[in-house]
>>> print(open('structure06.cif').read())   # mmCIF, C-alpha atoms (C1' of nucleotides)
data_final
#
loop_
_atom_site.label_atom_id
_atom_site.label_comp_id
_atom_site.auth_asym_id
_atom_site.auth_seq_id
_atom_site.Cartn_x
_atom_site.Cartn_y
_atom_site.Cartn_z
CA MET A 1 159.52 120.20 97.58
CA PRO A 2 160.40 121.11 93.99
CA THR A 3 159.31 118.33 91.66
CA GLN A 4 159.22 120.33 88.45
CA LEU A 5 161.22 119.25 85.46
CA GLU A 6 162.00 122.80 84.42
CA LEU A 7 165.58 123.27 83.35
CA ASP A 8 166.08 126.59 85.09
CA ASN A 9 164.78 125.23 88.39
CA GLN A 10 167.24 122.39 88.49
CA LEU A 11 170.23 122.73 90.76
CA CYS A 12 171.95 120.02 88.76
CA PHE A 13 171.85 122.16 85.62
CA ALA A 14 173.11 125.22 87.50
CA LEU A 15 176.10 123.21 88.75
CA TYR A 16 176.74 121.66 85.35
CA SER A 17 176.68 125.10 83.69
CA ALA A 18 178.78 126.72 86.38
CA SER A 19 181.42 124.04 86.17
CA ARG A 20 181.71 124.38 82.41
CA ALA A 21 181.71 128.18 82.60
CA MET A 22 184.49 128.02 85.19
CA THR A 23 186.53 125.71 82.99
CA ALA A 24 185.98 128.05 80.04
CA ALA A 25 187.08 131.02 82.16
CA TYR A 26 190.28 129.23 83.19
CA ALA A 27 191.03 127.94 79.68
CA PRO A 28 192.77 131.00 78.18
CA LEU A 29 194.85 131.54 81.35
CA LEU A 30 195.88 127.89 81.54
CA ASP A 31 196.53 127.77 77.82
CA ALA A 32 199.36 130.24 78.42
CA LEU A 33 200.82 127.66 80.82
CA GLY A 34 200.28 124.81 78.35
CA LEU A 35 197.78 123.06 80.65
CA THR A 36 194.18 121.91 80.37
CA TYR A 37 191.91 122.39 83.36
CA PRO A 38 192.08 118.80 84.67
CA GLN A 39 195.85 118.85 84.13
CA TYR A 40 195.96 122.04 86.24
CA LEU A 41 194.12 120.22 89.04
CA VAL A 42 196.72 117.45 88.97
CA MET A 43 199.48 120.06 89.13
CA LEU A 44 197.75 121.66 92.16
CA VAL A 45 197.94 118.30 93.93
CA LEU A 46 201.63 117.90 93.06
CA TRP A 47 202.52 121.47 94.05
CA GLU A 48 201.07 120.67 97.46
CA ARG A 49 202.95 117.39 97.74
CA ASP A 50 205.46 116.14 95.20
CA GLY A 51 205.93 112.44 94.47
CA GLU A 52 202.28 111.47 95.07
CA ARG A 53 201.07 108.09 93.81
CA VAL A 54 198.55 107.84 91.00
CA SER A 55 195.99 106.40 93.42
CA GLN A 56 196.50 109.30 95.86
CA ILE A 57 196.02 111.88 93.12
CA GLY A 58 192.90 109.96 92.17
CA LYS A 59 191.59 110.05 95.73
CA ARG A 60 192.19 113.79 95.95
CA LEU A 61 190.43 114.58 92.66
CA HIS A 62 187.95 111.66 92.67
CA LEU A 63 189.32 110.42 89.35
CA ASP A 64 190.36 106.86 88.50
CA SER A 65 193.35 105.53 86.63
CA ALA A 66 191.41 105.30 83.37
CA THR A 67 191.31 109.10 83.37
CA LEU A 68 194.62 109.79 85.10
CA THR A 69 196.98 107.46 83.25
CA PRO A 70 196.56 109.10 79.83
CA LEU A 71 196.41 112.58 81.39
CA LEU A 72 199.67 111.97 83.27
CA LYS A 73 201.28 110.65 80.09
CA ARG A 74 200.40 113.92 78.37
CA LEU A 75 201.86 115.92 81.29
CA GLU A 76 205.01 113.81 81.02
CA THR A 77 205.20 114.49 77.27
CA ARG A 78 204.85 118.23 78.06
CA GLY A 79 207.87 117.83 80.33
CA VAL A 80 206.33 119.02 83.61
CA ILE A 81 206.26 115.67 85.43
CA THR A 82 207.95 112.27 85.43
CA ARG A 83 206.41 108.95 86.41
CA ARG A 84 208.40 106.30 88.23
CA ARG A 85 207.41 102.85 89.40
CA SER A 86 208.09 102.48 93.13
CA THR A 87 210.91 100.06 93.99
CA GLU A 88 209.29 99.09 97.29
CA ASP A 89 205.96 98.21 95.67
CA GLU A 90 206.13 97.53 91.97
CA ARG A 91 202.38 98.06 91.59
CA VAL A 92 202.65 101.73 92.53
CA VAL A 93 203.56 104.58 90.18
CA GLU A 94 204.82 107.79 91.78
CA VAL A 95 204.56 111.12 90.05
CA PHE A 96 207.25 113.80 90.38
CA LEU A 97 207.48 117.41 89.25
CA THR A 98 210.33 118.27 86.88
CA ALA A 99 212.20 121.59 87.23
CA ALA A 100 209.85 122.98 84.57
CA GLY A 101 206.86 121.71 86.53
CA LYS A 102 208.07 123.42 89.70
CA LYS A 103 208.70 126.67 87.81
CA LEU A 104 205.14 126.59 86.52
CA GLU A 105 203.79 127.07 90.05
CA LYS A 106 204.97 130.68 90.18
CA ARG A 107 203.38 131.44 86.84
CA ALA A 108 200.12 129.84 88.00
CA ALA A 109 200.05 131.83 91.23
CA ASP A 110 197.85 134.67 90.01
CA VAL A 111 195.40 132.57 88.00
CA PRO A 112 192.84 132.07 90.82
CA ALA A 113 192.85 135.78 91.71
CA CYS A 114 192.19 136.60 88.08
CA ILE A 115 189.05 134.46 88.11
CA PHE A 116 188.07 135.75 91.56
CA GLU A 117 187.94 139.30 90.17
CA ARG A 118 185.53 138.21 87.49
CA SER A 119 183.29 136.40 90.01
CA GLY A 120 182.20 139.64 91.64
CA LEU A 121 182.13 137.90 95.01
CA THR A 122 183.56 139.10 98.30
CA VAL A 123 185.99 136.79 100.04
CA ALA A 124 183.34 135.98 102.64
CA GLU A 125 180.75 135.16 99.98
CA LEU A 126 183.21 132.99 98.08
CA THR A 127 184.16 131.08 101.22
CA ARG A 128 180.55 130.56 102.17
CA LEU A 129 179.56 129.43 98.68
CA ARG A 130 182.52 127.05 98.46
CA THR A 131 181.63 125.52 101.82
CA GLN A 132 177.99 125.03 100.84
CA ILE A 133 178.96 123.39 97.56
CA THR A 134 181.48 121.14 99.29
CA THR A 135 178.90 120.07 101.88
CA LEU A 136 176.40 119.33 99.11
CA THR A 137 178.99 117.28 97.26
CA ALA A 138 179.66 115.17 100.34
CA ARG A 139 175.93 114.54 100.78
CA LEU A 140 175.51 113.55 97.14
CA ARG A 141 178.38 111.10 97.36
CA GLY A 142 176.73 109.50 100.35
CA PRO A 143 177.87 108.45 103.83
CA THR A 144 179.86 105.49 102.53
CA ASP A 145 182.35 107.80 100.86
CA SER A 146 185.52 108.96 102.64
CA MET B 1 191.79 138.13 98.35
CA PRO B 2 192.57 134.41 98.16
CA THR B 3 195.60 133.84 95.98
CA GLN B 4 196.57 130.43 97.30
CA LEU B 5 196.93 127.50 95.00
CA GLU B 6 195.51 125.07 97.52
CA LEU B 7 193.07 122.63 95.99
CA ASP B 8 190.58 122.77 98.82
CA ASN B 9 190.44 126.57 98.74
CA GLN B 10 189.56 126.69 95.07
CA LEU B 11 185.95 127.38 94.19
CA CYS B 12 186.66 125.97 90.74
CA PHE B 13 187.47 122.57 92.21
CA ALA B 14 184.40 122.64 94.44
CA LEU B 15 182.21 123.27 91.39
CA TYR B 16 184.00 120.66 89.31
CA SER B 17 183.58 118.07 92.06
CA ALA B 18 179.98 118.99 92.76
CA SER B 19 179.04 118.77 89.11
CA ARG B 20 180.56 115.33 88.76
CA ALA B 21 179.03 114.14 92.06
CA MET B 22 175.64 115.37 90.87
CA THR B 23 176.02 113.52 87.56
CA ALA B 24 177.04 110.38 89.45
CA ALA B 25 173.99 110.73 91.72
CA TYR B 26 171.66 111.03 88.73
CA ALA B 27 173.32 108.20 86.78
CA PRO B 28 171.55 105.19 88.34
CA LEU B 29 168.15 106.93 88.18
CA LEU B 30 168.62 107.98 84.56
CA ASP B 31 170.02 104.60 83.64
CA ALA B 32 166.59 103.17 84.43
CA LEU B 33 165.21 105.58 81.79
CA GLY B 34 167.94 104.68 79.30
CA LEU B 35 169.41 108.19 79.38
CA THR B 36 172.78 109.72 80.16
CA TYR B 37 172.89 112.97 82.09
CA PRO B 38 173.46 115.29 79.08
CA GLN B 39 170.76 113.38 77.19
CA TYR B 40 168.42 114.04 80.14
CA LEU B 41 169.13 117.77 79.86
CA VAL B 42 168.20 117.71 76.17
CA MET B 43 164.99 115.88 77.06
CA LEU B 44 164.20 118.57 79.69
CA VAL B 45 164.45 121.19 76.94
CA LEU B 46 162.16 119.20 74.64
CA TRP B 47 159.63 118.44 77.38
CA GLU B 48 159.36 122.20 77.87
CA ARG B 49 158.97 122.87 74.16
CA ASP B 50 158.77 120.19 71.50
CA GLY B 51 160.17 120.68 67.99
CA GLU B 52 163.08 122.91 69.07
CA ARG B 53 165.93 123.46 66.61
CA VAL B 54 169.39 122.13 67.30
CA SER B 55 170.72 125.68 67.65
CA GLN B 56 168.01 126.55 70.22
CA ILE B 57 168.78 123.48 72.30
CA GLY B 58 172.42 124.52 72.10
CA LYS B 59 171.63 128.03 73.30
CA ARG B 60 169.64 126.68 76.21
CA LEU B 61 172.35 124.26 77.35
CA HIS B 62 175.37 126.22 76.09
CA LEU B 63 176.42 123.30 73.90
CA ASP B 64 177.39 123.42 70.25
CA SER B 65 176.52 121.13 67.37
CA ALA B 66 179.74 119.16 67.73
CA THR B 67 178.36 117.87 71.04
CA LEU B 68 174.67 117.86 70.19
CA THR B 69 174.65 116.20 66.77
CA PRO B 70 176.07 112.84 67.93
CA LEU B 71 174.07 113.02 71.19
CA LEU B 72 170.81 113.62 69.27
CA LYS B 73 171.65 110.75 66.93
CA ARG B 74 171.97 108.48 69.95
CA LEU B 75 168.61 109.73 71.31
CA GLU B 76 167.11 109.04 67.88
CA THR B 77 168.56 105.52 67.89
CA ARG B 78 167.01 105.04 71.36
CA GLY B 79 163.68 105.96 69.79
CA VAL B 80 162.79 108.92 72.02
CA ILE B 81 163.22 111.70 69.42
CA THR B 82 163.18 112.24 65.67
CA ARG B 83 165.16 114.83 63.72
CA ARG B 84 163.66 116.55 60.68
CA ARG B 85 165.18 119.10 58.35
CA SER B 86 162.92 122.18 58.18
CA THR B 87 161.24 122.69 54.82
CA GLU B 88 161.20 126.48 55.23
CA ASP B 89 164.91 126.67 55.94
CA GLU B 90 166.91 123.68 54.82
CA ARG B 91 169.81 124.60 57.10
CA VAL B 92 167.74 124.01 60.21
CA VAL B 93 167.13 120.66 61.89
CA GLU B 94 164.13 120.43 64.22
CA VAL B 95 163.95 117.88 67.00
CA PHE B 96 160.66 116.21 67.98
CA LEU B 97 159.70 113.89 70.79
CA THR B 98 158.34 110.48 69.81
CA ALA B 99 155.46 108.91 71.75
CA ALA B 100 158.07 107.02 73.77
CA GLY B 101 159.91 110.30 74.42
CA LYS B 102 156.74 111.93 75.71
CA LYS B 103 155.96 108.95 77.91
CA LEU B 104 159.40 109.19 79.45
CA GLU B 105 158.51 112.56 81.02
CA LYS B 106 156.17 110.96 83.54
CA ARG B 107 158.79 108.43 84.54
CA ALA B 108 161.35 111.23 84.96
CA ALA B 109 159.06 113.31 87.11
CA ASP B 110 160.30 112.10 90.48
CA VAL B 111 164.01 112.06 89.65
CA PRO B 112 164.79 115.61 90.88
CA ALA B 113 162.94 115.05 94.16
CA CYS B 114 164.97 111.91 94.71
CA ILE B 115 168.20 113.90 94.46
CA PHE B 116 166.74 116.74 96.51
CA GLU B 117 166.20 114.33 99.43
CA ARG B 118 169.82 113.35 99.36
CA SER B 119 171.00 116.99 99.26
CA GLY B 120 169.81 117.64 102.82
CA LEU B 121 168.83 121.17 101.79
CA THR B 122 165.60 123.01 102.53
CA VAL B 123 163.72 124.39 99.54
CA ALA B 124 164.78 127.91 100.53
CA GLU B 125 168.43 126.90 100.78
CA LEU B 126 168.30 125.11 97.44
CA THR B 127 166.72 128.11 95.74
CA ARG B 128 169.25 130.47 97.23
CA LEU B 129 172.18 128.27 96.29
CA ARG B 130 170.91 127.80 92.74
CA THR B 131 170.50 131.55 92.33
CA GLN B 132 174.00 132.26 93.61
CA ILE B 133 175.51 129.68 91.28
CA THR B 134 173.53 131.00 88.31
CA THR B 135 174.66 134.56 89.04
CA LEU B 136 178.26 133.39 89.30
CA THR B 137 177.95 131.55 85.99
CA ALA B 138 176.67 134.68 84.25
CA ARG B 139 179.59 136.70 85.63
CA LEU B 140 182.11 134.09 84.52
CA ARG B 141 180.71 134.03 81.03
CA GLY B 142 181.11 137.81 80.88
CA PRO B 143 178.85 140.71 79.93
CA THR B 144 179.05 139.92 76.19
CA ASP B 145 177.07 136.76 76.70
CA SER B 146 173.28 136.69 76.33
"C1'" DC C 1 170.05 139.59 39.32
"C1'" DG C 2 174.38 137.79 41.48
"C1'" DC C 3 177.66 137.12 44.58
"C1'" DA C 4 179.70 138.05 49.17
"C1'" DA C 5 178.60 137.48 53.86
"C1'" DG C 6 176.17 135.13 57.18
"C1'" DT C 7 173.97 131.04 59.37
"C1'" DC C 8 173.22 126.23 60.60
"C1'" DA C 9 174.37 121.58 61.22
"C1'" DA C 10 177.79 118.22 60.53
"C1'" DT C 11 182.53 116.67 60.81
"C1'" DC C 12 187.33 116.25 62.57
"C1'" DG C 13 190.83 116.09 66.19
"C1'" DT C 14 192.09 116.20 70.98
"C1'" DG C 15 191.19 115.57 75.75
"C1'" DT C 16 188.59 114.22 79.49
"C1'" DA C 17 185.18 110.90 82.34
"C1'" DC C 18 183.79 106.45 83.75
"C1'" DG C 19 182.24 101.39 83.89
"C1'" DA C 20 184.43 97.17 83.18
"C1'" DT C 21 188.23 94.22 82.47
"C1'" DT C 22 193.19 92.94 82.46
"C1'" DT C 23 197.83 92.43 84.10
"C1'" DA C 24 201.26 92.63 87.44
"C1'" DC C 25 202.43 92.52 91.87
"C1'" DT C 26 201.59 91.92 97.18
"C1'" DT C 27 199.42 90.22 101.21
"C1'" DT C 28 196.89 86.81 103.67
"C1'" DA C 29 195.54 82.57 105.22
"C1'" DT C 30 196.08 78.15 105.20
"C1'" DA D 1 205.37 77.76 100.95
"C1'" DT D 2 201.64 78.55 98.11
"C1'" DA D 3 197.16 79.31 96.45
"C1'" DA D 4 193.58 82.76 97.12
"C1'" DA D 5 192.34 87.28 97.88
"C1'" DG D 6 193.47 91.91 97.41
"C1'" DT D 7 195.46 96.08 95.29
"C1'" DA D 8 197.50 99.32 91.75
"C1'" DA D 9 197.84 100.91 87.30
"C1'" DA D 10 196.87 100.21 82.59
"C1'" DT D 11 193.67 99.19 78.93
"C1'" DC D 12 189.22 99.04 76.38
"C1'" DG D 13 184.78 100.88 74.94
"C1'" DT D 14 181.41 104.49 75.05
"C1'" DA D 15 179.95 109.20 75.62
"C1'" DC D 16 180.58 113.83 76.28
"C1'" DA D 17 182.98 118.80 75.47
"C1'" DC D 18 185.04 122.08 72.56
"C1'" DG D 19 188.10 124.56 69.01
"C1'" DA D 20 188.30 124.59 64.24
"C1'" DT D 21 186.78 123.58 59.71
"C1'" DT D 22 183.46 122.21 56.10
"C1'" DG D 23 179.44 122.20 53.24
"C1'" DA D 24 174.83 123.41 52.32
"C1'" DC D 25 171.67 126.85 52.30
"C1'" DT D 26 169.88 131.95 52.90
"C1'" DT D 27 170.16 136.77 53.09
"C1'" DG D 28 171.54 141.23 51.87
"C1'" DC D 29 173.75 144.47 49.28
"C1'" DG D 30 175.24 146.62 45.15
#
>>> encode(input="structure06.cif", output="structure tokens")
Amino acid sequence: MPTQLELDNQLCFALYSASRAMTAAYAPLLDALGLTYPQYLVMLVLWERDGERVSQIGKRLHLDSATLTPLLKRLETRGVITRRRSTEDERVVEVFLTAAGKKLEKRAADVPACIFERSGLTVAELTRLRTQITTLTARLRGPTDS
Amino acid sequence: MPTQLELDNQLCFALYSASRAMTAAYAPLLDALGLTYPQYLVMLVLWERDGERVSQIGKRLHLDSATLTPLLKRLETRGVITRRRSTEDERVVEVFLTAAGKKLEKRAADVPACIFERSGLTVAELTRLRTQITTLTARLRGPTDS
DNA sequence: CGCAAGTCAATCGTGTACGATTTACTTTAT
DNA sequence: ATAAAGTAAATCGTACACGATTGACTTGCG
């Protein structure tokens, strides 16, 4: 059992570094689309299903309204989404893609492949690594988490 | 080659989620030590080698002074480090552990093992996963990076 | 020697993250 | 029917990240 406090032995540091390196790799590509990395993640959710509630987007990305509300306001200012309070339940805010937001999906289509090239992984390796990381994430969050 | 824009197929999202889940898992343990997660990483660097310059800490963690300067000031306020301008080179600021900062190392010793338990990984699996993630990180940063 | 180029930390501005609280609305249980 | 409990988003405060600039100091080159 590894109990050492050495930086390079720590899985947590490897993940932290990898996540920031990934964000940095995406940054120039997303910049061309006028998106930050977390904004891109929100767009991914909306491209899968338009009109999602703030809370649903939050569940998908594990982010709360304190993060999402200002982020969504910036996306609205950019003109790629609109926010509308539901008439059935006035507590809920639904988020919709604009025409510009829908158009952006095509331009974003080759972004992941571009990063994949740089990763030097085979498809099988990538899939395996992604699965392992996802399993780890679930374990870290604990059994109480959905 | 995976070109889909689906959230769950994206390695980037898996890494982003895992990194945040890891930070969340550490948070309660580090809170008992009065540290945030990035502050803990800085302490790891200093526990390995005391008196490191700001730029060296930055190289180790891939963080720049815009992030480190305020973080180090907070650690100084907490009383676990001191910052001293080098007399040989007045541009350089060296960071030293206080007695309290050195004492903290013992209390931090069992933190990684605590997380390791929760990960459900064997030591071999953890090592392999960490290596794969580190390799990926290096590739993402590109060949120009040290 | 003397100044241009380089280096190092600090600062500024913007954009996440997240715990905690607030406000508005809805549902539930009397 | 209504007060209590619950839920959804917004807000507030603190702490990263990072691009870009600034200011102080050092080095190197003519």
>>> calpha_fit_and_write(input="structure06.cif", fixed="chain A", moving="chain B", output="mmCIF file with C-alpha atoms, keeping the file's coordinate frame")
data_model
loop_
_atom_site.group_PDB
_atom_site.id
_atom_site.type_symbol
_atom_site.label_atom_id
_atom_site.label_comp_id
_atom_site.auth_asym_id
_atom_site.auth_seq_id
_atom_site.Cartn_x
_atom_site.Cartn_y
_atom_site.Cartn_z
ATOM 1 C CA MET B 1 159.530 120.305 97.580
ATOM 2 C CA PRO B 2 160.425 121.158 93.980
ATOM 3 C CA THR B 3 159.371 118.346 91.691
ATOM 4 C CA GLN B 4 159.245 120.311 88.460
ATOM 5 C CA LEU B 5 161.224 119.238 85.470
ATOM 6 C CA GLU B 6 161.989 122.788 84.431
ATOM 7 C CA LEU B 7 165.578 123.261 83.362
ATOM 8 C CA ASP B 8 166.050 126.576 85.098
ATOM 9 C CA ASN B 9 164.761 125.222 88.411
ATOM 10 C CA GLN B 10 167.236 122.371 88.472
ATOM 11 C CA LEU B 11 170.227 122.740 90.752
ATOM 12 C CA CYS B 12 171.933 120.015 88.737
ATOM 13 C CA PHE B 13 171.853 122.164 85.615
ATOM 14 C CA ALA B 14 173.104 125.210 87.502
ATOM 15 C CA LEU B 15 176.096 123.206 88.736
ATOM 16 C CA TYR B 16 176.729 121.667 85.334
ATOM 17 C CA SER B 17 176.662 125.093 83.688
ATOM 18 C CA ALA B 18 178.768 126.730 86.368
ATOM 19 C CA SER B 19 181.408 124.038 86.170
ATOM 20 C CA ARG B 20 181.701 124.375 82.420
ATOM 21 C CA ALA B 21 181.693 128.198 82.599
ATOM 22 C CA MET B 22 184.464 128.029 85.191
ATOM 23 C CA THR B 23 186.522 125.703 82.983
ATOM 24 C CA ALA B 24 185.971 128.041 80.033
ATOM 25 C CA ALA B 25 187.080 131.015 82.156
ATOM 26 C CA TYR B 26 190.276 129.231 83.185
ATOM 27 C CA ALA B 27 191.029 127.931 79.677
ATOM 28 C CA PRO B 28 192.767 130.996 78.190
ATOM 29 C CA LEU B 29 194.837 131.532 81.359
ATOM 30 C CA LEU B 30 195.883 127.886 81.547
ATOM 31 C CA ASP B 31 196.532 127.759 77.833
ATOM 32 C CA ALA B 32 199.350 130.237 78.428
ATOM 33 C CA LEU B 33 200.833 127.650 80.835
ATOM 34 C CA GLY B 34 200.292 124.803 78.372
ATOM 35 C CA LEU B 35 197.778 123.079 80.652
ATOM 36 C CA THR B 36 194.184 121.932 80.379
ATOM 37 C CA TYR B 37 191.904 122.398 83.359
ATOM 38 C CA PRO B 38 192.086 118.789 84.665
ATOM 39 C CA GLN B 39 195.857 118.865 84.132
ATOM 40 C CA TYR B 40 195.956 122.043 86.255
ATOM 41 C CA LEU B 41 194.131 120.221 89.056
ATOM 42 C CA VAL B 42 196.723 117.435 88.985
ATOM 43 C CA MET B 43 199.471 120.056 89.140
ATOM 44 C CA LEU B 44 197.754 121.658 92.183
ATOM 45 C CA VAL B 45 197.943 118.287 93.940
ATOM 46 C CA LEU B 46 201.629 117.885 93.080
ATOM 47 C CA TRP B 47 202.518 121.456 94.054
ATOM 48 C CA GLU B 48 201.061 120.653 97.472
ATOM 49 C CA ARG B 49 202.966 117.388 97.753
ATOM 50 C CA ASP B 50 205.466 116.131 95.210
ATOM 51 C CA GLY B 51 205.944 112.424 94.469
ATOM 52 C CA GLU B 52 202.294 111.462 95.064
ATOM 53 C CA ARG B 53 201.095 108.084 93.787
ATOM 54 C CA VAL B 54 198.558 107.835 91.009
ATOM 55 C CA SER B 55 196.004 106.381 93.429
ATOM 56 C CA GLN B 56 196.501 109.299 95.866
ATOM 57 C CA ILE B 57 196.023 111.870 93.126
ATOM 58 C CA GLY B 58 192.894 109.956 92.170
ATOM 59 C CA LYS B 59 191.581 110.045 95.727
ATOM 60 C CA ARG B 60 192.187 113.765 95.948
ATOM 61 C CA LEU B 61 190.422 114.568 92.671
ATOM 62 C CA HIS B 62 187.957 111.656 92.674
ATOM 63 C CA LEU B 63 189.339 110.413 89.362
ATOM 64 C CA ASP B 64 190.363 106.879 88.500
ATOM 65 C CA SER B 65 193.347 105.550 86.597
ATOM 66 C CA ALA B 66 191.404 105.334 83.348
ATOM 67 C CA THR B 67 191.313 109.144 83.368
ATOM 68 C CA LEU B 68 194.616 109.815 85.093
ATOM 69 C CA THR B 69 196.969 107.480 83.233
ATOM 70 C CA PRO B 70 196.555 109.119 79.799
ATOM 71 C CA LEU B 71 196.415 112.603 81.381
ATOM 72 C CA LEU B 72 199.687 111.982 83.273
ATOM 73 C CA LYS B 73 201.289 110.672 80.089
ATOM 74 C CA ARG B 74 200.389 113.935 78.382
ATOM 75 C CA LEU B 75 201.853 115.930 81.311
ATOM 76 C CA GLU B 76 204.998 113.805 81.020
ATOM 77 C CA THR B 77 205.195 114.505 77.284
ATOM 78 C CA ARG B 78 204.849 118.231 78.103
ATOM 79 C CA GLY B 79 207.880 117.822 80.350
ATOM 80 C CA VAL B 80 206.339 119.025 83.621
ATOM 81 C CA ILE B 81 206.252 115.657 85.445
ATOM 82 C CA THR B 82 207.953 112.272 85.435
ATOM 83 C CA ARG B 83 206.406 108.942 86.406
ATOM 84 C CA ARG B 84 208.443 106.301 88.229
ATOM 85 C CA ARG B 85 207.459 102.833 89.346
ATOM 86 C CA SER B 86 208.139 102.457 93.090
ATOM 87 C CA THR B 87 210.935 100.037 93.926
ATOM 88 C CA GLU B 88 209.327 99.068 97.244
ATOM 89 C CA ASP B 89 206.010 98.205 95.644
ATOM 90 C CA GLU B 90 206.143 97.543 91.938
ATOM 91 C CA ARG B 91 202.396 98.074 91.575
ATOM 92 C CA VAL B 92 202.677 101.727 92.513
ATOM 93 C CA VAL B 93 203.580 104.576 90.171
ATOM 94 C CA GLU B 94 204.839 107.787 91.780
ATOM 95 C CA VAL B 95 204.554 111.133 90.052
ATOM 96 C CA PHE B 96 207.259 113.805 90.396
ATOM 97 C CA LEU B 97 207.480 117.390 89.259
ATOM 98 C CA THR B 98 210.320 118.267 86.892
ATOM 99 C CA ALA B 99 212.188 121.570 87.243
ATOM 100 C CA ALA B 100 209.860 122.978 84.585
ATOM 101 C CA GLY B 101 206.860 121.683 86.558
ATOM 102 C CA LYS B 102 208.068 123.412 89.707
ATOM 103 C CA LYS B 103 208.703 126.640 87.835
ATOM 104 C CA LEU B 104 205.163 126.573 86.523
ATOM 105 C CA GLU B 105 203.796 127.066 90.059
ATOM 106 C CA LYS B 106 204.964 130.672 90.190
ATOM 107 C CA ARG B 107 203.381 131.429 86.845
ATOM 108 C CA ALA B 108 200.117 129.833 88.017
ATOM 109 C CA ALA B 109 200.039 131.808 91.225
ATOM 110 C CA ASP B 110 197.846 134.650 90.011
ATOM 111 C CA VAL B 111 195.386 132.550 88.013
ATOM 112 C CA PRO B 112 192.820 132.057 90.823
ATOM 113 C CA ALA B 113 192.833 135.762 91.700
ATOM 114 C CA CYS B 114 192.165 136.571 88.069
ATOM 115 C CA ILE B 115 189.021 134.434 88.124
ATOM 116 C CA PHE B 116 188.059 135.741 91.554
ATOM 117 C CA GLU B 117 187.931 139.294 90.145
ATOM 118 C CA ARG B 118 185.517 138.210 87.487
ATOM 119 C CA SER B 119 183.270 136.395 89.999
ATOM 120 C CA GLY B 120 182.172 139.664 91.618
ATOM 121 C CA LEU B 121 182.114 137.910 94.994
ATOM 122 C CA THR B 122 183.564 139.117 98.282
ATOM 123 C CA VAL B 123 186.001 136.782 100.011
ATOM 124 C CA ALA B 124 183.349 135.989 102.624
ATOM 125 C CA GLU B 125 180.763 135.178 99.967
ATOM 126 C CA LEU B 126 183.211 132.999 98.061
ATOM 127 C CA THR B 127 184.157 131.084 101.196
ATOM 128 C CA ARG B 128 180.548 130.571 102.147
ATOM 129 C CA LEU B 129 179.568 129.433 98.675
ATOM 130 C CA ARG B 130 182.510 127.040 98.442
ATOM 131 C CA THR B 131 181.615 125.523 101.803
ATOM 132 C CA GLN B 132 177.980 125.045 100.829
ATOM 133 C CA ILE B 133 178.945 123.388 97.559
ATOM 134 C CA THR B 134 181.473 121.130 99.289
ATOM 135 C CA THR B 135 178.880 120.073 101.867
ATOM 136 C CA LEU B 136 176.388 119.346 99.100
ATOM 137 C CA THR B 137 178.981 117.278 97.245
ATOM 138 C CA ALA B 138 179.664 115.170 100.336
ATOM 139 C CA ARG B 139 175.935 114.535 100.786
ATOM 140 C CA LEU B 140 175.514 113.551 97.146
ATOM 141 C CA ARG B 141 178.372 111.114 97.337
ATOM 142 C CA GLY B 142 176.705 109.503 100.353
ATOM 143 C CA PRO B 143 177.843 108.523 103.841
ATOM 144 C CA THR B 144 179.856 105.524 102.574
ATOM 145 C CA ASP B 145 182.340 107.823 100.926
ATOM 146 C CA SER B 146 185.504 108.964 102.712
#
>>> residues_around(input="structure06.cif", residues="DA15 of chain D", least_positions_apart="3", cutoff="9 Å", atoms="only C-alpha atoms (C1' of nucleotides)", output="VMD selection string")
(chain B and resid 36 71) or (chain C and resid 17)
>>> closest_residue(input="structure06.cif", among="C:DT14, C:DT28, C:DC8, C:DT23", to="chain B", atoms="only C-alpha atoms (C1' of nucleotides)")
C:DC8
>>> closest_residue(input="structure06.cif", among="A:Val45, A:Val123, A:Ala99, A:Val92", to="chain C", atoms="all atoms listed in the file")
A:Val92
>>> interface_residues(input="structure06.cif", of="chain B", to="chain D", cutoff="12 Å", atoms="all atoms listed in the file", output="PyMOL selection string")
chain B and resi 35-39+62-72+74+85-92
>>> resolve_selection(input="structure06.cif", expression="the PyMOL selection byres ((chain C) within 9 of (chain B))", output="MDAnalysis selection string")
chainID C and resid 7:11
>>> residues_around(input="structure06.cif", residues="Met43 of chain A", least_positions_apart="5", cutoff="9 Å", atoms="all atoms listed in the file", output="JSON, numbers by chain")
{"A": [38, 48, 80, 81, 97, 101, 105]}
>>> interface_residues(input="structure06.cif", of="chain A", to="chain B", cutoff="8 Å", atoms="all atoms listed in the file", output="PyMOL selection string")
chain A and resi 1-7+9-19+21-23+25+41+44-45+48+61-62+109-110+112-113+115+118-120+123+126+129-130+133-134+136-137+139-142
>>> atom_distance(input="structure06.cif", atom1="atom CA of Leu46 of chain A", atom2="atom CA of Arg83 of chain A")
12.1 Å
>>> atom_distance(input="structure06.cif", atom1="atom CA of Gly34 of chain B", atom2="atom CA of Arg78 of chain B")
8.0 Å
